[in-house]
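Peer 1: The structure follows.
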Amino acid sequence: MTQVRDIAIVNAIVRTVDRHDRVAQAVLLRRGKVAAVGTDAEVRAVAAADTEFIDAKGRIVVPGFIDVHNHLSISAFAPVAVDCWTPPLETLAEVLASIHSACESLTPGQWVMGMGFHMSQVREGRNPTRHELDEAAPGNPFFLLDASCHAGYANTRGLDAVGISAHSPEPWGGLIERDQRGEPTGTLYEAAIDLAFAASWDSYALRDVDRAVALLEARMREYLAVGITAVGDACVTTKAARLYRRAEASGRMPLTVQQLHGGDLFYGVPDLRRTDIVDRILEPSGDRLRGGVVKLFVDRFYPDGPAIDELHDGCTRHIGTPFYSRSEVRDLATAAGDLGIGTAIHAMGNCAVDVVLDAYEAVRRSAKIDSVLRMEHAFIAAPEQASRIAELDVDMVVNPGLAHNWGEVFDSCRHPGQEHLRVLPVRSMVDAGVRVTLASDHPCGPFSPALVMGTAATRTTRLGAVIDPDEAVTGAEALRMYTINAAYASGRADEEGSIERGKRANVLILDRDIAKCEVEQIHAMQVDLTVVDGEVVHRRAAPN
C-alpha cells in the first residue's frame with residue numbers, strides 16, 4: 001500500500017524512542033516512511049504544498065506498538081466461537097448455558113469451538129466434564145479451548161471424532177485425563193488438545209476461507225484501534241500459514257504479521273529435518289507478512305505447573321513436566337541457527353529458562369549466522385538468571401497482561417520458602433542489561449497495550465493484588481518495551497520501532513504521556529490516531 005499524500009503531525013510532543021530518547025515537536029510522513037523529525041518550523045519547511053497537516057494540540061506522538069507474542073490465528077475466531085469468557089461469566093453453569101444456547105441452532109454434526117474459560121475464574125473451581133458438555137452440545141462435536149491454550153475440554157462426540165477413547169495411549173507431550181474406570185473425562189492437557197483443537201479450528205478457518213480472512217482482518221483492525229501496528233503470531237501451524245498467505249494475496253493485512261512457525265499442529269514438533277517446514281519458515285517475506293522464526297515449547301503448565309527448580313535446605317527439587325529434553329532443545333536451536341532461522345522458545349519456570357539459556361549458549365558458539373534469539377514468558381524465574389540472559393544477547397519477551405488476569409495463579413506456582421523466585425522479574429532483567437519486550441499473548445491475555453504496560457508498571461492484578469512490586473518498570477521503560485525493543489525482538493529494528501528518518505511511518509497520537517503520567521493512569525490511555533505506512537487507519541471518535 002502506497003501513501004498518496006504527505007502527512008505532517010505538528011504541535012506535538014514526539015517521543016522518538018530512538019537511542020537517545022530524543023523529543024521533537026513534529027514529524028513528516030512521506031511515501032510510507034518518516035521523512036523528517038524536528039521542530040514545527042523544520043517540518044513545515046520541507047513539507048510539500050499538498051501536505052495534510054494534523055494539529056496534535058500538544059498530544060503525544062509515539063511509534064506504533066509491536067505485539068510480538070500474540071495468537072492472531074486463534075483470536076480472530078473468537079467472535080464466531082462460543083463465548084465462554086470468565087470473566088464476565090462467573091459460574092460453570094453460566095458457561096454451560098452459553099454453550100447450549102449457541103449450539104441449539106447449529107447444524108447437527110458441525111464442529112463447535114468455545115473460547116475463554118478458566119477454572120480459576122468460576123465459582124465451582126473446576127473444569128466441565130464431557131457429560132456436562134454432552135448435555136450442553138448434544139448434536140455437535142464440541143471443543144472448549146482453555147484460556148491458557150494449554151488445555152481443552154471436549155464432549156463425547158468431539159472425543160469420538162478424533163479417536164480419543166479409554167484405549168488411547170497418552171499422546172506425546174500431553175495427557176488425557178481419565179476417571180476411575182479409565183474413561184476420558186473430556187479434559188485434555190497440553191499436546192493432547194492438538195487433534196480436537198485442529199478439527200474445531202479447521203471448521204471455522206477452512207469451511208469458508210474468505211470468511212476466515214475477513215475475520216483475520218477484522219481482528220487486526222481491532223488491534224489498530226489500540227495502537228498495535230504489527231504482531232507476531234506465536235505459533236503458526238501449516239494450515240494457519242496458508243490462511244495468512246491467502247490474506248496477504250487478497251490485500252487484507254492492514255498491519256505487519258510475523259509468523260513464529262510451529263509444526264503441523266499447535267504443539268506439534270517443528271522438525272527442521274523436514275524440508276516443507278523449513279521452506280515454510282524461510283518463504284520470502286512480503287511487505288506485511290514475515291517469517292524466518294521457529295517457535296518451540298519447553299515446559300508445560302498442566303498438570304503440575306511450569307518447570308521449576310526449588311531450593312530446600314541446600315538441595316534442588318524439580319517440579320513440572322517438560323516437552324523436550326535439554327539435548328533436544330539444544331539440537332533444535334542450533335539447527336535453526338545454522339539455517340539462519342530465528343528462535344522464540346517458550347520457558348515459563350526457572351528450570352526451563354536455564355534449559356533455553358544452555359541451548360542459546362550453544363547457538364552463540366556454533367551458529368553460522370547471528371540470528372535473533374528470543375525467550376518467551378519467564379513467569380516464575382530467578383533474578384540471578386538475568387545476567388546470563390543479557391550476556392547471551394537474548395531478547396526477553398514477557399506478558400504482564402497475563403499476570404493482570406491470573407497473577408494469583410502464577411503466584412501460587414511459587415511455593416512457600418522459594419524466595420529466590422519472582423513472578424515476572426522484569427526490573428531485575430532491565431537492571432542486568434536485558435532487552436525486554438512486552439507482549440499480550442492474546443487471547444490468553446488482554447490485547448490492550450495500555451493494560452499490559454500499566455500492569456508492568458503497577459504489578460497489580462485485576463483483583464487488586466500487588467505481586468512483587470519491586471519488579472515494576474517505569475512508563476518510559478514500558479514504552480520502549482512495546483516499540484523499539486519489540487522491533488529488535490522481531491528482527492526489524494532497522495525499519496520500525498522508533499520515529500527516525502527512513503523508518504516506516506507507523507506512528508500513534510495518544511491522549512496522555514505514558515512516559516510521564518502517574519503509572520496508575522497508563523491503563524486508561526487511549527489511542528486517538530493510528531498511522532500505518534503513512535496511511536491513517538484509525539481515528540478515535542470525539543467524546544460526546
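Quick note on naming: the chains in the C-alpha cells go A, B, ... in the order shown, residues restart at 1 in each chain, and ligands are numbered from 1 in order of appearance.
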I'd like the contact shell of His100 (chain A) - 12 Å cut-off, only C-alpha atoms, skipping same-chain residues fewer than 5 positions apart - returned as a PDB file with N, CA, C and O atoms, in the first residue's frame.

Peer 2:
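Result went into around.pdb, see below:
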```pdb
ATOM      1  N   VAL A  82     -18.028 -19.953  20.585  1.00  0.00           N
ATOM      2  CA  VAL A  82     -18.965 -19.806  21.699  1.00  0.00           C
ATOM      3  C   VAL A  82     -18.290 -18.985  22.793  1.00  0.00           C
ATOM      4  O   VAL A  82     -17.150 -19.262  23.195  1.00  0.00           O
ATOM      5  N   ASP A  83     -18.996 -17.984  23.275  1.00  0.00           N
ATOM      6  CA  ASP A  83     -18.474 -17.081  24.302  1.00  0.00           C
ATOM      7  C   ASP A  83     -18.513 -17.776  25.660  1.00  0.00           C
ATOM      8  O   ASP A  83     -19.564 -17.921  26.269  1.00  0.00           O
ATOM      9  N   CYS A  84     -17.344 -18.198  26.124  1.00  0.00           N
ATOM     10  CA  CYS A  84     -17.215 -18.855  27.421  1.00  0.00           C
ATOM     11  C   CYS A  84     -16.273 -18.072  28.329  1.00  0.00           C
ATOM     12  O   CYS A  84     -15.674 -18.638  29.258  1.00  0.00           O
ATOM     13  N   ALA A  93     -22.113 -23.152  35.493  1.00  0.00           N
ATOM     14  CA  ALA A  93     -23.479 -23.249  34.973  1.00  0.00           C
ATOM     15  C   ALA A  93     -23.719 -22.205  33.886  1.00  0.00           C
ATOM     16  O   ALA A  93     -24.359 -22.483  32.863  1.00  0.00           O
ATOM     17  N   GLU A  94     -23.191 -20.989  34.071  1.00  0.00           N
ATOM     18  CA  GLU A  94     -23.346 -19.941  33.054  1.00  0.00           C
ATOM     19  C   GLU A  94     -22.587 -20.306  31.785  1.00  0.00           C
ATOM     20  O   GLU A  94     -23.060 -20.050  30.667  1.00  0.00           O
ATOM     21  N   VAL A  95     -21.411 -20.900  31.922  1.00  0.00           N
ATOM     22  CA  VAL A  95     -20.625 -21.326  30.768  1.00  0.00           C
ATOM     23  C   VAL A  95     -21.386 -22.385  29.974  1.00  0.00           C
ATOM     24  O   VAL A  95     -21.515 -22.309  28.748  1.00  0.00           O
ATOM     25  N   SER A 105     -29.101 -23.840  17.544  1.00  0.00           N
ATOM     26  CA  SER A 105     -29.494 -23.540  16.163  1.00  0.00           C
ATOM     27  C   SER A 105     -28.481 -24.011  15.126  1.00  0.00           C
ATOM     28  O   SER A 105     -28.645 -23.725  13.932  1.00  0.00           O
ATOM     29  N   LEU A 106     -27.442 -24.726  15.546  1.00  0.00           N
ATOM     30  CA  LEU A 106     -26.402 -25.128  14.612  1.00  0.00           C
ATOM     31  C   LEU A 106     -26.744 -26.439  13.911  1.00  0.00           C
ATOM     32  O   LEU A 106     -27.522 -27.259  14.410  1.00  0.00           O
ATOM     33  N   VAL A 112     -17.967 -27.389  16.829  1.00  0.00           N
ATOM     34  CA  VAL A 112     -18.173 -26.126  17.523  1.00  0.00           C
ATOM     35  C   VAL A 112     -17.002 -25.918  18.484  1.00  0.00           C
ATOM     36  O   VAL A 112     -16.576 -26.856  19.169  1.00  0.00           O
ATOM     37  N   GLY A 114     -15.479 -23.406  21.656  1.00  0.00           N
ATOM     38  CA  GLY A 114     -15.679 -22.360  22.643  1.00  0.00           C
ATOM     39  C   GLY A 114     -14.338 -21.806  23.071  1.00  0.00           C
ATOM     40  O   GLY A 114     -13.303 -22.473  22.954  1.00  0.00           O
ATOM     41  N   GLU A 132     -21.280 -33.194  31.000  1.00  0.00           N
ATOM     42  CA  GLU A 132     -21.917 -31.876  31.050  1.00  0.00           C
ATOM     43  C   GLU A 132     -21.892 -31.215  29.675  1.00  0.00           C
ATOM     44  O   GLU A 132     -22.873 -30.583  29.254  1.00  0.00           O
ATOM     45  N   LEU A 133     -20.784 -31.384  28.971  1.00  0.00           N
ATOM     46  CA  LEU A 133     -20.692 -30.828  27.622  1.00  0.00           C
ATOM     47  C   LEU A 133     -21.604 -31.572  26.652  1.00  0.00           C
ATOM     48  O   LEU A 133     -22.112 -30.980  25.690  1.00  0.00           O
ATOM     49  N   ASP A 134     -21.823 -32.890  26.898  1.00  0.00           N
ATOM     50  CA  ASP A 134     -22.780 -33.638  26.073  1.00  0.00           C
ATOM     51  C   ASP A 134     -24.179 -33.036  26.183  1.00  0.00           C
ATOM     52  O   ASP A 134     -24.895 -32.901  25.184  1.00  0.00           O
ATOM     53  N   GLU A 135     -24.558 -32.663  27.397  1.00  0.00           N
ATOM     54  CA  GLU A 135     -25.879 -32.072  27.596  1.00  0.00           C
ATOM     55  C   GLU A 135     -25.960 -30.673  26.979  1.00  0.00           C
ATOM     56  O   GLU A 135     -26.989 -30.279  26.423  1.00  0.00           O
ATOM     57  N   ALA A 136     -24.877 -29.942  27.065  1.00  0.00           N
ATOM     58  CA  ALA A 136     -24.872 -28.577  26.528  1.00  0.00           C
ATOM     59  C   ALA A 136     -24.826 -28.557  25.002  1.00  0.00           C
ATOM     60  O   ALA A 136     -25.415 -27.676  24.373  1.00  0.00           O
ATOM     61  N   ALA A 137     -24.120 -29.520  24.412  1.00  0.00           N
ATOM     62  CA  ALA A 137     -23.980 -29.591  22.949  1.00  0.00           C
ATOM     63  C   ALA A 137     -24.293 -31.010  22.489  1.00  0.00           C
ATOM     64  O   ALA A 137     -23.403 -31.747  22.061  1.00  0.00           O
ATOM     65  N   PRO A 138     -25.559 -31.422  22.543  1.00  0.00           N
ATOM     66  CA  PRO A 138     -25.898 -32.830  22.289  1.00  0.00           C
ATOM     67  C   PRO A 138     -25.734 -33.257  20.842  1.00  0.00           C
ATOM     68  O   PRO A 138     -25.531 -34.449  20.575  1.00  0.00           O
ATOM     69  N   GLY A 139     -25.827 -32.327  19.891  1.00  0.00           N
ATOM     70  CA  GLY A 139     -25.811 -32.720  18.488  1.00  0.00           C
ATOM     71  C   GLY A 139     -24.533 -32.412  17.751  1.00  0.00           C
ATOM     72  O   GLY A 139     -24.442 -32.641  16.547  1.00  0.00           O
ATOM     73  N   ASN A 140     -23.530 -31.894  18.464  1.00  0.00           N
ATOM     74  CA  ASN A 140     -22.311 -31.432  17.792  1.00  0.00           C
ATOM     75  C   ASN A 140     -21.057 -31.885  18.510  1.00  0.00           C
ATOM     76  O   ASN A 140     -21.019 -31.908  19.741  1.00  0.00           O
ATOM     77  N   PHE A 142     -17.872 -30.916  20.172  1.00  0.00           N
ATOM     78  CA  PHE A 142     -17.596 -29.625  20.801  1.00  0.00           C
ATOM     79  C   PHE A 142     -16.235 -29.658  21.472  1.00  0.00           C
ATOM     80  O   PHE A 142     -15.863 -30.641  22.131  1.00  0.00           O
TER      81      PHE A 142
END
```

Peer 1: What's around Val46 (chain A) at 9 Å? Count only C-alpha atoms, leave out sequence neighbours fewer than 2 positions away in its own chain, and write the answer as a list in words.

Peer 2: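 My reading of the contact set: Leu28, Ala35, Ala36, Ala41, Glu42, Val43, Arg44 and Ala48 of chain A.
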
Peer 1: Contacts of region 176-180 of chain A at 10 Å or less, counting only C-alpha atoms, minus same-chain residues fewer than 2 places along, as a PyMOL selection string?

Peer 2: chain A and resi 164-166+168-171+174+182-193+303

Peer 1: Using the selection just defined, write its residues with N, CA, C and O atoms as a compact mmCIF listing (two decimals), in the first residue's frame.

Peer 2:
```
# COMPACT_ATOMS: atom_id res chain seq x y z
N ILE A 164 -10.29 -40.38 20.45
CA ILE A 164 -9.82 -40.47 21.83
C ILE A 164 -10.80 -41.30 22.63
O ILE A 164 -12.00 -40.97 22.70
N SER A 165 -10.30 -42.37 23.23
CA SER A 165 -11.15 -43.29 23.99
C SER A 165 -10.36 -43.85 25.17
O SER A 165 -9.20 -43.48 25.40
N ALA A 166 -10.99 -44.76 25.90
CA ALA A 166 -10.32 -45.41 27.03
C ALA A 166 -9.10 -46.19 26.56
O ALA A 166 -8.18 -46.46 27.34
N SER A 168 -7.00 -45.23 24.16
CA SER A 168 -5.98 -44.37 23.55
C SER A 168 -4.74 -44.30 24.44
O SER A 168 -4.85 -44.13 25.66
N PRO A 169 -3.55 -44.39 23.84
CA PRO A 169 -2.33 -44.16 24.62
C PRO A 169 -2.18 -42.67 24.92
O PRO A 169 -2.81 -41.83 24.28
N GLU A 170 -1.36 -42.36 25.91
CA GLU A 170 -1.09 -40.95 26.17
C GLU A 170 -0.29 -40.39 24.99
O GLU A 170 0.69 -40.97 24.56
N PRO A 171 -0.72 -39.25 24.46
CA PRO A 171 -0.01 -38.67 23.32
C PRO A 171 1.31 -38.05 23.76
O PRO A 171 1.48 -37.66 24.92
N GLY A 174 1.48 -34.70 26.03
CA GLY A 174 0.16 -34.37 26.56
C GLY A 174 -0.38 -35.45 27.49
O GLY A 174 0.26 -36.47 27.73
N GLY A 182 -11.02 -45.52 33.77
CA GLY A 182 -10.12 -45.35 32.64
C GLY A 182 -10.73 -44.62 31.46
O GLY A 182 -10.09 -44.47 30.42
N GLU A 183 -11.97 -44.14 31.62
CA GLU A 183 -12.64 -43.42 30.55
C GLU A 183 -12.20 -41.95 30.55
O GLU A 183 -12.05 -41.35 31.61
N PRO A 184 -12.03 -41.37 29.39
CA PRO A 184 -11.68 -39.94 29.33
C PRO A 184 -12.76 -39.09 29.98
O PRO A 184 -13.95 -39.29 29.73
N THR A 185 -12.33 -38.13 30.79
CA THR A 185 -13.28 -37.21 31.43
C THR A 185 -13.69 -36.08 30.49
O THR A 185 -14.64 -35.35 30.78
N GLY A 186 -12.96 -35.91 29.41
CA GLY A 186 -13.17 -34.79 28.50
C GLY A 186 -12.09 -33.73 28.59
O GLY A 186 -11.95 -32.90 27.70
N THR A 187 -11.31 -33.76 29.69
CA THR A 187 -10.23 -32.79 29.87
C THR A 187 -8.96 -33.30 29.19
O THR A 187 -8.51 -34.43 29.44
N LEU A 188 -8.39 -32.46 28.34
CA LEU A 188 -7.18 -32.78 27.60
C LEU A 188 -6.12 -31.74 27.94
O LEU A 188 -6.39 -30.54 27.88
N TYR A 189 -4.93 -32.21 28.30
CA TYR A 189 -3.87 -31.30 28.68
C TYR A 189 -2.78 -31.22 27.61
O TYR A 189 -2.39 -32.24 27.02
N GLU A 190 -2.28 -30.00 27.40
CA GLU A 190 -1.13 -29.74 26.55
C GLU A 190 -1.32 -30.36 25.16
O GLU A 190 -2.35 -30.14 24.54
N ALA A 191 -0.35 -31.16 24.68
CA ALA A 191 -0.43 -31.65 23.30
C ALA A 191 -1.59 -32.61 23.07
O ALA A 191 -1.93 -32.90 21.91
N ALA A 192 -2.24 -33.06 24.13
CA ALA A 192 -3.43 -33.90 23.95
C ALA A 192 -4.58 -33.12 23.32
O ALA A 192 -5.53 -33.72 22.82
N ILE A 193 -4.51 -31.78 23.34
CA ILE A 193 -5.58 -30.98 22.72
C ILE A 193 -5.45 -30.93 21.21
O ILE A 193 -6.40 -30.53 20.52
N PRO A 303 -0.11 -31.08 33.96
CA PRO A 303 -0.96 -30.93 35.15
C PRO A 303 -0.21 -30.46 36.40
O PRO A 303 -0.84 -30.25 37.43
```

Peer 1: As a ChimeraX atom specification, please: every residue in region 182-214 of chain A that DSSP puts in strand (DSSP E).

Peer 2: /A:184-190

Peer 1: Go ahead and write the residues just picked, C-alpha atoms, as a PDB file, in the first residue's frame.

Peer 2:
```pdb
ATOM      1  CA  PRO A 184     -11.675 -39.939  29.334  1.00  0.00           C
ATOM      2  CA  THR A 185     -13.278 -37.211  31.427  1.00  0.00           C
ATOM      3  CA  GLY A 186     -13.170 -34.786  28.496  1.00  0.00           C
ATOM      4  CA  THR A 187     -10.227 -32.795  29.872  1.00  0.00           C
ATOM      5  CA  LEU A 188      -7.178 -32.783  27.602  1.00  0.00           C
ATOM      6  CA  TYR A 189      -3.867 -31.295  28.679  1.00  0.00           C
ATOM      7  CA  GLU A 190      -1.134 -29.736  26.547  1.00  0.00           C
TER       8      GLU A 190
END
```

Peer 1: Tell me which protein, DNA and RNA residues are within 12 Å of Ser200 (chain A), counting only C-alpha atoms, leaving out same-chain ones fewer than 4 positions away, and put them as a PyMOL selection string.

Peer 2: chain A and resi 74+77+80-82+109-115+140-145+152-154+158-159+161-162+193-196+204-207

Peer 1: May I have the residues from that selection written out with N, CA, C and O atoms, as a compact mmCIF listing (two decimals), in the first residue's frame?

Peer 2:
```txt
# COMPACT_ATOMS: atom_id res chain seq x y z
N ILE A 74 -5.67 -17.62 16.24
CA ILE A 74 -6.68 -18.18 17.15
C ILE A 74 -7.70 -17.11 17.50
O ILE A 74 -8.92 -17.30 17.37
N PHE A 77 -10.96 -15.90 15.57
CA PHE A 77 -12.21 -16.66 15.52
C PHE A 77 -13.03 -16.54 16.80
O PHE A 77 -14.09 -17.16 16.91
N VAL A 80 -16.83 -15.67 16.47
CA VAL A 80 -17.77 -16.67 15.99
C VAL A 80 -17.72 -17.96 16.82
O VAL A 80 -18.52 -18.86 16.61
N ALA A 81 -16.78 -18.04 17.76
CA ALA A 81 -16.74 -19.16 18.70
C ALA A 81 -17.75 -18.92 19.81
O ALA A 81 -18.28 -17.81 19.97
N VAL A 82 -18.03 -19.95 20.58
CA VAL A 82 -18.97 -19.81 21.70
C VAL A 82 -18.29 -18.99 22.79
O VAL A 82 -17.15 -19.26 23.20
N GLY A 109 -23.80 -32.24 13.86
CA GLY A 109 -22.57 -32.81 13.33
C GLY A 109 -21.48 -31.80 13.04
O GLY A 109 -20.33 -32.18 12.80
N GLN A 110 -21.82 -30.50 13.04
CA GLN A 110 -20.82 -29.45 12.77
C GLN A 110 -19.97 -29.22 14.00
O GLN A 110 -20.47 -29.09 15.12
N TRP A 111 -18.64 -29.15 13.81
CA TRP A 111 -17.74 -28.87 14.92
C TRP A 111 -18.04 -27.48 15.50
O TRP A 111 -18.31 -26.53 14.76
N VAL A 112 -17.97 -27.39 16.83
CA VAL A 112 -18.17 -26.13 17.52
C VAL A 112 -17.00 -25.92 18.48
O VAL A 112 -16.58 -26.86 19.17
N MET A 113 -16.50 -24.69 18.53
CA MET A 113 -15.40 -24.37 19.44
C MET A 113 -15.84 -23.26 20.39
O MET A 113 -16.50 -22.31 19.99
N GLY A 114 -15.48 -23.41 21.66
CA GLY A 114 -15.68 -22.36 22.64
C GLY A 114 -14.34 -21.81 23.07
O GLY A 114 -13.30 -22.47 22.95
N MET A 115 -14.34 -20.57 23.57
CA MET A 115 -13.09 -19.93 23.98
C MET A 115 -13.28 -19.14 25.27
O MET A 115 -14.38 -18.67 25.56
N ASN A 140 -23.53 -31.89 18.46
CA ASN A 140 -22.31 -31.43 17.79
C ASN A 140 -21.06 -31.89 18.51
O ASN A 140 -21.02 -31.91 19.74
N PRO A 141 -20.01 -32.22 17.76
CA PRO A 141 -18.70 -32.36 18.40
C PRO A 141 -18.27 -30.99 18.91
O PRO A 141 -18.33 -30.00 18.16
N PHE A 142 -17.87 -30.92 20.17
CA PHE A 142 -17.60 -29.63 20.80
C PHE A 142 -16.24 -29.66 21.47
O PHE A 142 -15.86 -30.64 22.13
N PHE A 143 -15.49 -28.55 21.33
CA PHE A 143 -14.19 -28.40 21.98
C PHE A 143 -14.11 -27.01 22.59
O PHE A 143 -14.33 -26.01 21.90
N LEU A 144 -13.82 -26.96 23.88
CA LEU A 144 -13.67 -25.68 24.60
C LEU A 144 -12.18 -25.47 24.87
O LEU A 144 -11.57 -26.23 25.63
N LEU A 145 -11.61 -24.47 24.23
CA LEU A 145 -10.19 -24.15 24.42
C LEU A 145 -10.03 -23.40 25.72
O LEU A 145 -10.67 -22.37 25.94
N GLY A 152 -7.88 -28.17 27.10
CA GLY A 152 -9.16 -28.05 26.41
C GLY A 152 -10.10 -29.12 26.91
O GLY A 152 -9.69 -30.10 27.55
N TYR A 153 -11.39 -28.95 26.59
CA TYR A 153 -12.43 -29.81 27.15
C TYR A 153 -13.38 -30.19 26.02
O TYR A 153 -13.92 -29.31 25.33
N ALA A 154 -13.55 -31.50 25.80
CA ALA A 154 -14.35 -31.99 24.68
C ALA A 154 -15.52 -32.82 25.19
O ALA A 154 -15.43 -33.49 26.23
N GLY A 158 -17.00 -35.01 20.35
CA GLY A 158 -15.71 -34.46 19.98
C GLY A 158 -14.59 -35.46 20.18
O GLY A 158 -13.70 -35.61 19.32
N LEU A 159 -14.61 -36.15 21.31
CA LEU A 159 -13.59 -37.17 21.57
C LEU A 159 -13.65 -38.27 20.53
O LEU A 159 -12.63 -38.72 20.00
N ALA A 161 -14.79 -38.12 17.52
CA ALA A 161 -14.43 -37.63 16.19
C ALA A 161 -12.93 -37.66 15.95
O ALA A 161 -12.48 -37.80 14.81
N VAL A 162 -12.15 -37.52 17.02
CA VAL A 162 -10.69 -37.53 16.86
C VAL A 162 -10.06 -38.80 17.42
O VAL A 162 -8.83 -38.88 17.56
N ILE A 193 -4.51 -31.78 23.34
CA ILE A 193 -5.58 -30.98 22.72
C ILE A 193 -5.45 -30.93 21.21
O ILE A 193 -6.40 -30.53 20.52
N ASP A 194 -4.30 -31.32 20.66
CA ASP A 194 -3.98 -30.97 19.29
C ASP A 194 -5.03 -31.41 18.26
O ASP A 194 -5.42 -30.63 17.39
N LEU A 195 -5.48 -32.65 18.34
CA LEU A 195 -6.40 -33.15 17.32
C LEU A 195 -7.76 -32.48 17.40
O LEU A 195 -8.33 -32.07 16.38
N ALA A 196 -8.29 -32.35 18.62
CA ALA A 196 -9.60 -31.70 18.78
C ALA A 196 -9.50 -30.21 18.45
O ALA A 196 -10.42 -29.63 17.83
N TYR A 204 -13.84 -23.65 11.46
CA TYR A 204 -14.04 -22.20 11.35
C TYR A 204 -13.17 -21.58 10.26
O TYR A 204 -13.61 -20.67 9.56
N ALA A 205 -11.94 -22.07 10.12
CA ALA A 205 -10.98 -21.41 9.24
C ALA A 205 -11.03 -21.91 7.80
O ALA A 205 -10.72 -21.16 6.88
N LEU A 206 -11.41 -23.17 7.60
CA LEU A 206 -11.32 -23.75 6.27
C LEU A 206 -12.67 -24.00 5.62
O LEU A 206 -12.73 -24.20 4.40
N ARG A 207 -13.74 -23.99 6.41
CA ARG A 207 -15.07 -24.22 5.83
C ARG A 207 -15.43 -23.09 4.85
O ARG A 207 -16.06 -23.31 3.83
```

Peer 1: Please indicate the distance in Å from CA of Ala347 (chain A) to CA of Phe297 (chain A), rounded to one decimal place.

Peer 2: 7.0 Å

Peer 1: Nearest residue to Val23 (chain A) out of A:Ala515, A:Ala472, A:Ala49, A:Ile66, using only C-alpha atoms?

Peer 2: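 Selected residue with least distance to Val23 (chain A): A:Ala515.
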
Peer 1: Write down as an MDAnalysis selection string the residues belonging to region 282-410 of chain A that are assigned helix (DSSP H, G or I) by DSSP computed on the backbone.

Peer 2: chainID A and resid 282 326:338 350:366 383:391 400:410

Peer 1: Write the residues of the selection above to a file with C-alpha atoms, as an mmCIF file, in the first residue's frame.

Peer 2:
```
data_model
loop_
_atom_site.group_PDB
_atom_site.id
_atom_site.type_symbol
_atom_site.label_atom_id
_atom_site.label_comp_id
_atom_site.auth_asym_id
_atom_site.auth_seq_id
_atom_site.Cartn_x
_atom_site.Cartn_y
_atom_site.Cartn_z
ATOM 1 C CA LEU A 282 12.096 -19.353 5.077
ATOM 2 C CA ARG A 326 17.780 -30.477 27.251
ATOM 3 C CA SER A 327 19.612 -32.030 24.318
ATOM 4 C CA GLU A 328 16.517 -31.855 22.096
ATOM 5 C CA VAL A 329 16.084 -28.139 22.801
ATOM 6 C CA ARG A 330 19.788 -27.533 22.132
ATOM 7 C CA ASP A 331 19.747 -29.526 18.894
ATOM 8 C CA LEU A 332 16.700 -27.729 17.516
ATOM 9 C CA ALA A 333 18.040 -24.291 18.478
ATOM 10 C CA THR A 334 21.454 -24.932 16.923
ATOM 11 C CA ALA A 335 19.895 -26.426 13.772
ATOM 12 C CA ALA A 336 17.771 -23.279 13.427
ATOM 13 C CA GLY A 337 20.808 -21.067 13.952
ATOM 14 C CA ASP A 338 22.739 -22.885 11.247
ATOM 15 C CA ASN A 350 13.281 -21.045 36.121
ATOM 16 C CA CYS A 351 14.375 -24.550 35.151
ATOM 17 C CA ALA A 352 13.017 -24.046 31.639
ATOM 18 C CA VAL A 353 14.813 -20.689 31.487
ATOM 19 C CA ASP A 354 18.106 -22.455 32.229
ATOM 20 C CA VAL A 355 17.381 -25.083 29.563
ATOM 21 C CA VAL A 356 16.843 -22.354 26.964
ATOM 22 C CA LEU A 357 19.960 -20.460 28.023
ATOM 23 C CA ASP A 358 22.051 -23.627 27.726
ATOM 24 C CA ALA A 359 20.697 -24.094 24.206
ATOM 25 C CA TYR A 360 21.354 -20.463 23.281
ATOM 26 C CA GLU A 361 24.897 -20.649 24.600
ATOM 27 C CA ALA A 362 25.468 -23.499 22.145
ATOM 28 C CA VAL A 363 23.914 -21.419 19.347
ATOM 29 C CA ARG A 364 26.161 -18.437 20.062
ATOM 30 C CA ARG A 365 29.196 -20.745 19.934
ATOM 31 C CA SER A 366 28.309 -22.572 16.733
ATOM 32 C CA PRO A 383 16.556 -12.555 39.231
ATOM 33 C CA GLU A 384 20.021 -14.125 39.197
ATOM 34 C CA GLN A 385 19.266 -15.582 35.758
ATOM 35 C CA ALA A 386 19.038 -12.101 34.242
ATOM 36 C CA SER A 387 22.797 -11.546 33.868
ATOM 37 C CA ARG A 388 23.165 -14.667 31.723
ATOM 38 C CA ILE A 389 20.221 -13.623 29.551
ATOM 39 C CA ALA A 390 21.994 -10.307 28.946
ATOM 40 C CA GLU A 391 25.389 -11.895 28.292
ATOM 41 C CA PRO A 400 2.313 -8.740 32.286
ATOM 42 C CA GLY A 401 -1.238 -8.817 30.919
ATOM 43 C CA LEU A 402 -1.434 -12.465 31.902
ATOM 44 C CA ALA A 403 -0.352 -11.502 35.401
ATOM 45 C CA HIS A 404 -3.175 -8.938 35.416
ATOM 46 C CA ASN A 405 -5.665 -11.729 34.728
ATOM 47 C CA TRP A 406 -4.026 -14.619 36.546
ATOM 48 C CA GLY A 407 -1.343 -13.180 38.781
ATOM 49 C CA GLU A 408 -2.666 -15.109 41.748
ATOM 50 C CA VAL A 409 -2.382 -18.359 39.747
ATOM 51 C CA PHE A 410 1.244 -17.632 38.866
#
```

Peer 1: For Ala247 (chain A), which residue among A:Asn127, A:Thr321, A:Asn399, A:Ser73 is the nearest when counting only C-alpha atoms?

Peer 2: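 Distance minimum relative to Ala247 (chain A) lands on A:Ser73.
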
Peer 1: Please measure the separation of CA of His71 (chain A) and CA of Trp85 (chain A), giving the value in Å to one decimal.

Peer 2: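 Separation of CA of His71 (chain A) and CA of Trp85 (chain A): 16.5 Å.
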
Peer 1: Can you work out which one of A:Cys103, A:Ala76, A:Leu272, A:Leu260 has the shortest atom-to-atom distance to Val213 (chain A), counting only C-alpha atoms?

Peer 2: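 Ranked by minimum distance to Val213 (chain A), first place goes to A:Ala76.
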
Peer 1: My list of candidates is A:Ala225, A:Val17, A:Tyr488, A:Val278. Which is closest to Gln526 (chain A) when distances are computed with only C-alpha atoms?

Peer 2: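 Of all the options, A:Ala225 lies closest to Gln526 (chain A).
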
Peer 1: Near Asp513 (chain A), counting only C-alpha atoms, which residues have an atom at most 6 Å away, once you skip same-chain residues fewer than 3 positions from it, shown as a PyMOL selection string?

Peer 2: chain A and resi 60+516-517

Peer 1: To one decimal in Å, tell me the separation between CA of His167 (chain A) and CA of Tyr302 (chain A).

Peer 2: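 CA of Tyr302 (chain A) lies at a distance of 21.7 Å from CA of His167 (chain A).
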
Peer 1: Choose the residue, out of A:Glu496, A:Asp160, A:Asp6, A:Asp528, that has the smallest atom-to-atom separation from Gly64 (chain A); count only C-alpha atoms.

Peer 2: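 Comparing A:Glu496, A:Asp160, A:Asp6, A:Asp528 against Gly64 (chain A), the winner is A:Glu496.
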